[in-house]
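These notes concern the structure reproduced below.
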Amino acid sequence: MVFSGLPFVYFFLPLALLLGVFLPTKGRNIAMLIMSLFFYAFGEPRYLPLLILAAVSAWGFGLWAEKLRGHKLSRLPLVCSCVLSLGLLAYFKYTDFFLDTLNRFGAGFSLMHIVLPIGISFYTFQAASYVADVTRGNIPAERSLIDFASYLTFFPQLIAGPIVRYSDVREQVKVKNITVDSFAAGALRFSVGLGKKVLIANVLAECTADFAAAQTESVLFYWLYAVCNALNIYFDFSGYSDMAIGLGKMFGFDFPENFDHPFISRTAAEFWRRWHMTLGTWFRDYVYIPLGGSRCVLWKQLRNLLVVWSLTGLWHGAAWNYVLWGLYFGAFLIMERLFLKKWLEKAPRVVSHIYVTVVVLFSFLVFSAMSPADAVHQFGGMLGLTGAPLWNGEALYALRGCGVILLAAIIGAMPTVRYFAARLRKNPKGEAFLSVMQPVVTAALLIASTAFLVAGSFNPFLYWQF
Amino acid sequence: MKMKKITNLITVAVFVLIVSLGCLLTAFLPKQTLSETERRELAAFPECTAKTVLDGSFFNGLTEYVTDHFALREAFRTLNTVLRVDVLGQPDSGGVFEAEGYLFEPAWPMDEQAILNNTAKMQWITDTYFADKPVYFSIVPDKADFTDEPCLKLDTEHVVELVSENFGGEYIDITDTLSLGDYYRTDTHWQQDKLGDTADALVSGMGGTLPESTFEWITLDGAFHGVLRGRYAKPTDAEDKLTYGVNDVTESAVVRDLAHPGVSTVYVPETESLVRYDVFLSGATPIIEVTNTQTDNGKHLVLFRDSFGSSIAPWLLTAYEKITIIDIRYVSSAILGEQTELSTADEVLFLYSTAILNTGGILK
């Protein structure tokens with residue numbers, strides 16, 4: 001089940017809210033566990049046992065890790081947990097990728113065509129990080145299987161993040177704290193996320209689909225595709241994160257933020273501090289720093305960066321273009337660390353913004369391309385190197401189709417709303433205006449998104465297979 | 001602080017109200033089985049068995065069911081089109097756009113392989129059944145070809161080129177006989193009463209002469225709301241009347257519909273079909289043989305057609321003693337010889353719209 005579907009918004013959510021809001025904490029956790037398992041089963045019933053195995057094993061390894069804390073074998077539970085969690089991830093996500101790669105060198109293996117369990121990249125990372133945190137002594141092991149399983153399987157963050165660590169929500173699992181204020185903030189955030197996904201990302205996705213189906217090429221269409229593609233991925237994923245965070249608030253949880261206007265960044269490193277922040281901090285805390293981070297000799301720092309960015313790319317998908325995508329960012333981060341950051345800091349702001357924009361636009365061409373060669377061809381098309389005309393009828397038609405939403409998306413990707421809201425809050429009339437707008441915006445986004453969903457509009461979801 | 005509290009209370013109330021109303025109304029309002037505006041059956045509640053639950057088809061079916069039966073669905077569909085067209089400034093909604101008082105839904109993008117496959121099917125039929133017969137083909141242009149409104153549509157000339165290069169039949173060009181006014185405003189099809197020149201061009205192209213015929217034009221009561229109106233969902237002034245022409249030939253014709261033995265007339269004005277265009281030759285059906293009892297010229301035309309052929313066939317009938325009308329979307333071309341008499345054909349005409357030729361696997 002996805003948040004941006006009518007069965008979720010109008011059937012699953014009311015029932016879950018009824019149980020989550022009115023039941024006492026213990027009852028709520030049992031109810032949420034059952035609801036979350038149903039939520040998962042709605043999309044992928046056959047992989048439900050896998051999710052339960054991940055939850056039960058992480059809980060067990062956590063208890064074992066606590067028991068062995070201070071012992072010479074204290075890391076054994078963590079190793080076992082990683083072998084199981086990451087082994088599941090490796091098997092389900094990377095087996096065919098591995099075999100296919102070997103086949104390119106003439107191995108001749110038959111592919112297994114394994115269907116990727118929804119959300120496996122997220123819940124295996126959460127399980128591994130929990131055991132790691134217990135092993136390090138950062139948090140005590142959770143005694144209650146129900147409480148732990150209700151956290152790991154909690155539907156708002158189950159299939160597409162944010163990657164919520166147990167330490168982030170441990171107290172909220174134990175003590176329910178739902179207020180009118182938190183519920184209202186959650187409802188607004190959920191509606192905003194739904195609107196970002198359904199009204200913006202899906203419309204931009206229609207434009208990228210038109211590009212894929214186009215009969216002719218033009219420079220304008222290549223640019224249009226590149227911009228729509230990058231913004232589509234941003235609004236799709238950040239919209240989903242907003243919905244997750246909003247749902248969390250309605251149920252009394254504070255999930256970590258996942259995006260902070262990444263397109264205003266001035267360096268690639270800053271972009272990644274603002275994009276999919278919970279994944280970035282996960283890799284920082286559980287891979288980069290354990291490898292030595294930046295407190296080691298230069299070549300090791302660079303090695304650590306390459307390892308982290310190869311893994312980041314591979315985490316996003318089992319294909320070489322994702323690896324290339326990760327390494328591409330890794331290369332820019334290395335260049336920034338060596339010399340580029342100093343240059344950019346001295347350059348006018350506009351130069352650094354253009355630099356990040358070009359780097360990011362091309363990166364998402366690689367991300368979405370069928371192959372690296374395809375991405376290079378598209379980049380060549382943007383630069384007019386493919387011999388295509390500057391524009392043509394198909395590109396102008398596509399621009400008409402997405403022009404308004406593209407403009408809204410560009411404005412929405414900047415901290416414009418936050419800026420104006422802060423200005424308005426400085427005077428009573430502005431504050432009153434915002435007070436009126438809050439329920440109006442909530443209702444309008446909910447109703448408009450429903451209209452798009454009822455009409456059976458284009459509604460793919462990009463990130464849930466990661 | 002107090003204002004913030006009230007705002008939050010109202011926000012919670014509004015959110016809960018919308019979600020609850022959507023849930024309760026969808027759950028308890030009576031369900032329709034058909035969508036008259038979209039001319040399709042709505043999804044039925046999925047079968048719930050261990051197998052359908054485990055393979056996920058129950059949940060997929062449930063999502064379709066909820067979407068198809070959501071409360072106030074038509075109003076939401078209208079809102080979707082209004083938002084897309086009037087607020088977002090999109091040129092179309094779901095591929096349908098309005099211009100010059102007409103609704104359009106041109107096929108796009110071009111699927112050359114589909115066109116080549118369909119052309120190969122036409123050639124196979126020709127080689128198999130009509131090796132020594134004169135064979136012709138004509139292509140019905142989409143009405144979007146006749147509007148200046150910029151839109152994404154097939155290049156009809158290229159479609160003609162592809163078919164001509166790969167099919168042995170002789171091409172009859174009917175483009176010049178048509179204009180936008182010859183099509184319905186709210187439907188993809190052409191209007192029968194505007195097809196005199198087109199029928200003349202087809203018959204002349206096959207070496208014959210279309211007799212002077214005087215049709216009495218009968219207009220059905222009520223507005224004819226074509227398929228595009230339902231798909232567009234937005235209120236529009238575009239409206240049509242459905243008119244069909246009768247004369248001695250059509251009134252006395254002997255009709256034999258192989259799939260529907262009950263059909264015995266050229267027109268079925270009392271049709272209960274959601275598609276009122278089915279008044280012509282009872283709509284979608286694999287094979288119909290129509291005999292003109294007003295002539296004994298002995299000429300037999302085999303017409304391979306899509307739905308456009310239904311309304312032009314009565315015109316062509318005036319020039320032939322018998323027309324066999326075949327729609328190979330509904331019958332395999334491999335068994336045609338067993339189903340109807342083809343060897344007596346004097347001429348064979350393949351008449352297809354660009355949209356059908358551009359659809360892969362549609363011709364069996």
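Residue numbering restarts at 1 in every chain; chains get A, B, ... in the order shown in the structure tokens, and ligands count up from 1 in that same order.
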
Strand (DSSP E or B) per DSSP on the backbone: members of stretch 89-323 of chain B, as a VMD selection string: chain B and resid 93 96 to 99 102 to 104 135 to 140 170 to 171 183 190 216 to 219 224 240 243 to 246 254 to 257 267 280 287 to 291 300 to 305 322 to 323

Would you put the residues from that selection into a file with C-alpha atoms, as a PDB file, in the first residue's frame?
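The resulting file, result.pdb, is shown below:
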```
ATOM      1  CA  SER B  93      -6.582  16.162 -19.630  1.00  0.00           C
ATOM      2  CA  VAL B  96      -8.369  14.748 -24.418  1.00  0.00           C
ATOM      3  CA  PHE B  97      -8.426  18.431 -25.337  1.00  0.00           C
ATOM      4  CA  GLU B  98     -11.015  20.949 -26.450  1.00  0.00           C
ATOM      5  CA  ALA B  99     -10.586  23.343 -29.364  1.00  0.00           C
ATOM      6  CA  TYR B 102     -14.671  20.020 -30.573  1.00  0.00           C
ATOM      7  CA  LEU B 103     -13.102  17.441 -28.290  1.00  0.00           C
ATOM      8  CA  PHE B 104     -10.054  15.576 -29.574  1.00  0.00           C
ATOM      9  CA  VAL B 135      -7.566  -5.069 -53.175  1.00  0.00           C
ATOM     10  CA  TYR B 136      -7.685  -1.484 -51.931  1.00  0.00           C
ATOM     11  CA  PHE B 137      -6.997   0.288 -48.701  1.00  0.00           C
ATOM     12  CA  SER B 138      -7.880   3.631 -47.257  1.00  0.00           C
ATOM     13  CA  ILE B 139      -6.981   5.311 -43.997  1.00  0.00           C
ATOM     14  CA  VAL B 140      -9.363   7.383 -41.907  1.00  0.00           C
ATOM     15  CA  GLU B 170      -4.023   0.193 -53.980  1.00  0.00           C
ATOM     16  CA  TYR B 171      -4.407   3.282 -51.804  1.00  0.00           C
ATOM     17  CA  TYR B 183     -16.767  14.520 -37.342  1.00  0.00           C
ATOM     18  CA  TRP B 190     -17.349  10.777 -38.332  1.00  0.00           C
ATOM     19  CA  GLU B 216     -34.000  10.407 -45.353  1.00  0.00           C
ATOM     20  CA  TRP B 217     -32.097  11.603 -42.342  1.00  0.00           C
ATOM     21  CA  ILE B 218     -33.441  10.571 -38.967  1.00  0.00           C
ATOM     22  CA  THR B 219     -32.147  12.244 -35.835  1.00  0.00           C
ATOM     23  CA  PHE B 224     -25.503  12.323 -28.386  1.00  0.00           C
ATOM     24  CA  ASP B 240     -23.984  16.330 -30.892  1.00  0.00           C
ATOM     25  CA  THR B 243     -28.352  11.133 -37.291  1.00  0.00           C
ATOM     26  CA  TYR B 244     -28.647   8.145 -39.594  1.00  0.00           C
ATOM     27  CA  GLY B 245     -29.890   7.861 -43.163  1.00  0.00           C
ATOM     28  CA  VAL B 246     -32.522   5.474 -44.452  1.00  0.00           C
ATOM     29  CA  VAL B 254     -31.093  -8.395 -45.606  1.00  0.00           C
ATOM     30  CA  VAL B 255     -28.707  -8.329 -42.680  1.00  0.00           C
ATOM     31  CA  ARG B 256     -27.004 -11.391 -41.287  1.00  0.00           C
ATOM     32  CA  ASP B 257     -24.905 -10.784 -38.201  1.00  0.00           C
ATOM     33  CA  TYR B 267     -29.732   0.325 -38.029  1.00  0.00           C
ATOM     34  CA  PHE B 280     -24.938   1.647 -37.003  1.00  0.00           C
ATOM     35  CA  ILE B 287     -18.817 -10.461 -39.378  1.00  0.00           C
ATOM     36  CA  ILE B 288     -21.953  -9.032 -40.942  1.00  0.00           C
ATOM     37  CA  GLU B 289     -23.259  -9.878 -44.388  1.00  0.00           C
ATOM     38  CA  VAL B 290     -25.603  -7.263 -45.859  1.00  0.00           C
ATOM     39  CA  THR B 291     -27.501  -7.943 -49.074  1.00  0.00           C
ATOM     40  CA  HIS B 300     -19.737  -8.232 -53.812  1.00  0.00           C
ATOM     41  CA  LEU B 301     -17.523  -6.042 -51.618  1.00  0.00           C
ATOM     42  CA  VAL B 302     -15.574  -7.415 -48.680  1.00  0.00           C
ATOM     43  CA  LEU B 303     -14.939  -4.583 -46.278  1.00  0.00           C
ATOM     44  CA  PHE B 304     -12.356  -4.988 -43.527  1.00  0.00           C
ATOM     45  CA  ARG B 305     -13.062  -2.207 -41.096  1.00  0.00           C
ATOM     46  CA  LYS B 322     -23.646  -7.647 -51.185  1.00  0.00           C
ATOM     47  CA  ILE B 323     -21.194  -6.342 -48.642  1.00  0.00           C
TER      48      ILE B 323
END
```

Do you have, as CSV, the list of residues of chain A lying at most 9 Å from chain B, each with its nearest atom pair and that distance in Å to one decimal, counting only C-alpha atoms and ordered by chain then number?
```
residue,atom,partner,partner_atom,distance
A:Met1,CA,B:Phe59,CA,8.5
A:Gly5,CA,B:Thr63,CA,7.8
A:Leu6,CA,B:Thr67,CA,6.6
A:Pro7,CA,B:Thr63,CA,6.1
A:Val9,CA,B:Val19,CA,7.0
A:Tyr10,CA,B:Cys23,CA,4.9
A:Phe11,CA,B:Cys23,CA,5.7
A:Leu13,CA,B:Val19,CA,8.3
A:Pro14,CA,B:Ser20,CA,6.7
A:Ala41,CA,B:Gly56,CA,8.2
A:Phe42,CA,B:Phe59,CA,5.6
A:Gly43,CA,B:Gly56,CA,6.6
A:Glu44,CA,B:Gly56,CA,6.5
A:Pro45,CA,B:Leu54,CA,5.5
A:Arg46,CA,B:Leu54,CA,5.9
A:Val180,CA,B:Leu9,CA,6.4
A:Asp181,CA,B:Asn8,CA,5.8
A:Ser182,CA,B:Asn8,CA,8.7
A:Phe183,CA,B:Val12,CA,6.7
A:Ala184,CA,B:Val12,CA,5.1
A:Ala185,CA,B:Asn8,CA,7.6
A:Ala187,CA,B:Phe15,CA,6.6
A:Leu188,CA,B:Thr11,CA,7.6
A:Ser191,CA,B:Phe15,CA,8.9
A:Asp210,CA,B:Pro109,CA,8.7
A:Ala213,CA,B:Pro109,CA,6.3
A:Ala214,CA,B:Pro109,CA,6.8
A:Gln215,CA,B:Pro109,CA,7.0
A:Gly393,CA,B:Pro150,CA,7.6
A:Glu394,CA,B:Leu152,CA,6.6
A:Tyr397,CA,B:Cys151,CA,6.6
A:Ala398,CA,B:Gln90,CA,9.0
A:Arg400,CA,B:Gln90,CA,6.0
A:Gly401,CA,B:Gln90,CA,4.3
A:Cys402,CA,B:Gln90,CA,6.8
A:Gly403,CA,B:Gly89,CA,8.0
A:Val404,CA,B:Leu88,CA,5.5
A:Ile405,CA,B:Leu88,CA,6.4
A:Ala432,CA,B:Met3,CA,7.9
A:Ser435,CA,B:Thr7,CA,5.6
A:Val436,CA,B:Thr7,CA,7.0
A:Gln438,CA,B:Thr11,CA,6.7
A:Pro439,CA,B:Thr11,CA,4.4
A:Val440,CA,B:Thr11,CA,8.0
A:Thr442,CA,B:Thr11,CA,7.1
A:Ala443,CA,B:Val14,CA,6.5
A:Leu446,CA,B:Ile18,CA,8.1
A:Ile447,CA,B:Ile18,CA,8.1
A:Ala448,CA,B:Asn80,CA,7.3
A:Ser449,CA,B:Asn80,CA,8.7
A:Thr450,CA,B:Phe76,CA,7.3
A:Ala451,CA,B:Phe76,CA,4.5
A:Phe452,CA,B:Asn80,CA,5.3
A:Leu453,CA,B:Thr67,CA,7.6
A:Val454,CA,B:Thr67,CA,5.5
A:Ala455,CA,B:Arg77,CA,5.0
A:Gly456,CA,B:Thr67,CA,7.3
A:Ser457,CA,B:Gly94,CA,7.6
```

Mind the document's chain letters and residue numbers, and return as a PyMOL selection string the residues of stretch 134-282 of chain A that DSSP labels alpha helix (DSSP H). chain A and resi 134-136+145-152+155-158+166-174+180-195+202-213+219-250+268-274+277-282

List the spatial neighbours of B:Asp187 as an NGL selection string - criterion: any atom at most 6 Å away, only C-alpha atoms, same-chain residues fewer than 3 positions off excluded. :B and (184 or 226-228)

Within 10 Å of A:Tyr94 using only C-alpha atoms, minus same-chain residues under 2 positions, as a ChimeraX atom specification: /A:87-92,96-100,114,116,314-315,317-319

Would you mind telling me which residue in A:Trp59, A:Tyr166, A:Phe12, A:Phe190 lies nearest to A:Leu78 when using only C-alpha atoms?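 The shortest atom-to-atom distance to A:Leu78 comes from A:Trp59.
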
Within 7 Å of stretch 307-317 of chain B using only C-alpha atoms, minus same-chain residues under 4 positions, as a ChimeraX atom specification: /B:189,192,195,199,250,280-281,283,292,323,351

A:Thr312: which residues within 9 Å, counting only C-alpha atoms, same-chain residues fewer than 6 positions away excluded, as a PDB file with C-alpha atoms, in the first residue's frame?
```pdb
ATOM      1  CA  LEU A 279      20.501   7.924   4.664  1.00  0.00           C
ATOM      2  CA  GLY A 280      23.485  10.278   4.651  1.00  0.00           C
ATOM      3  CA  PHE A 283      26.257   5.961   6.191  1.00  0.00           C
ATOM      4  CA  TYR A 322      23.456   3.594  -9.722  1.00  0.00           C
ATOM      5  CA  VAL A 323      27.029   2.690  -8.789  1.00  0.00           C
ATOM      6  CA  TRP A 325      25.806   7.745  -9.864  1.00  0.00           C
ATOM      7  CA  GLY A 326      27.235   7.224  -6.379  1.00  0.00           C
ATOM      8  CA  LEU A 327      30.833   7.380  -7.594  1.00  0.00           C
TER       9      LEU A 327
END
```

When you look at B:Gln294 with a cut-off of 9 Å (counting only C-alpha atoms), what residues show up, excluding the ones that are within fewer than 2 positions of it in the same chain? I need them as a ChimeraX atom specification. /B:248-249,252-253,291-292,296,318,321

Could you write out the selected residues, including C-alpha atoms, as a PDB file, in the first residue's frame?
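Printed below is part_8.pdb as written:
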```
ATOM      1  CA  ASP B 248     -35.083   1.835 -49.878  1.00  0.00           C
ATOM      2  CA  VAL B 249     -31.731   0.096 -49.926  1.00  0.00           C
ATOM      3  CA  SER B 252     -35.016  -3.613 -47.514  1.00  0.00           C
ATOM      4  CA  ALA B 253     -31.502  -4.881 -46.912  1.00  0.00           C
ATOM      5  CA  THR B 291     -27.501  -7.943 -49.074  1.00  0.00           C
ATOM      6  CA  ASN B 292     -28.950  -5.115 -51.145  1.00  0.00           C
ATOM      7  CA  ASP B 296     -28.950  -7.318 -59.033  1.00  0.00           C
ATOM      8  CA  THR B 318     -25.998   1.372 -52.534  1.00  0.00           C
ATOM      9  CA  GLU B 321     -25.473  -6.236 -54.149  1.00  0.00           C
TER      10      GLU B 321
END
```

Go through B:Asn166, B:Thr37, B:Gln32, B:Ser179 and flag the residue nearest B:His225, using only C-alpha atoms for the distances.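 Comparing B:Asn166, B:Thr37, B:Gln32, B:Ser179 against B:His225, the winner is B:Thr37.
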